[in-house]
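The structure appears below as structure tokens.
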Amino acid sequence: MTYVVTEACIRCKYTDCVDVCPVDCFREGPNMLVIDPDECIDCSLCVPECPVEAIYAEDDVPADQRDFIALNAELAKQWPPIVERKDPLPDADEWAKVKDKRDQLLR
């Protein structure tokens, strides 16, 4: 099992989770983060750090977010590692409240 970043992260990209990850498994895209499933050690330290509750254990990903399991694996191969906390996107607080933002994902 691994952990998965879901839709809530899109256009927010809070990086609190990156600070606590002991294996640097997060990857940074233009407007969201993903978790590399080959690097994640299932420690769960990142889950409570996410202010928008975007991170789930693979087995607990909500049904309407299950496609993010494959998306994390795919994008983790393309995006670079992020190993230290950065400021969130400028309008992150506004986007944190928005649902249905898959169309906003920049690859």
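Residues in the structure tokens are numbered from 1 in each chain, the chains being A, B, ... in the order shown, and ligands are numbered from 1 in the order shown.
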### Task
Give the strand (DSSP E or B) residues of range 44-102 of chain A, as DSSP finds them on the backbone, and put them as a list in words.
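Secondary structure check on range 44-102 of chain A, strand (DSSP E or B): Ile55, Tyr56, Ala57 and Pro81 of chain A.
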### Query
Counting only C-alpha atoms, what is within 8 Å of range 3-17 of chain A, bar same-chain residues fewer than 6 positions away, as a VMD selection string?
chain A and resid 31 to 35 37 40 42 44 to 47 49 to 58 61 65 68 to 69 72 84 to 89 91 to 93 95 to 96 98 to 102 104 to 105
## Note on the structure
CA of Gly29 in chain A to CA of Pro81 in chain A measures 9.3 Å
### Straight-line distance linking CA of Asp103 in chain A with CA of Val20 in chain A, stated in Å to one decimal
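Value for the CA of Asp103 in chain A-CA of Val20 in chain A distance: 29.0 Å.
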### DSSP-assigned helix (DSSP H, G or I) members of chain A, reported as a ChimeraX atom specification
/A:7-9,16-20,47-49,58-60,63-65,67-76,92-95,102-104
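Ranking A:Lys97, A:Ile82, A:Arg66, A:Cys43 by their shortest atom-to-atom distance to Asp19 in chain A, with only C-alpha atoms included, puts A:Ile82 first.
CA of Asp59 in chain A to CA of Glu94 in chain A spans 29.0 Å [interatomic distance, one decimal].
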### Query
Of the candidates A:Val18, A:Pro30, A:Lys77, A:Asp36, which shows the shortest atom-to-atom distance to Met1 in chain A, using only C-alpha atoms?
A:Asp36
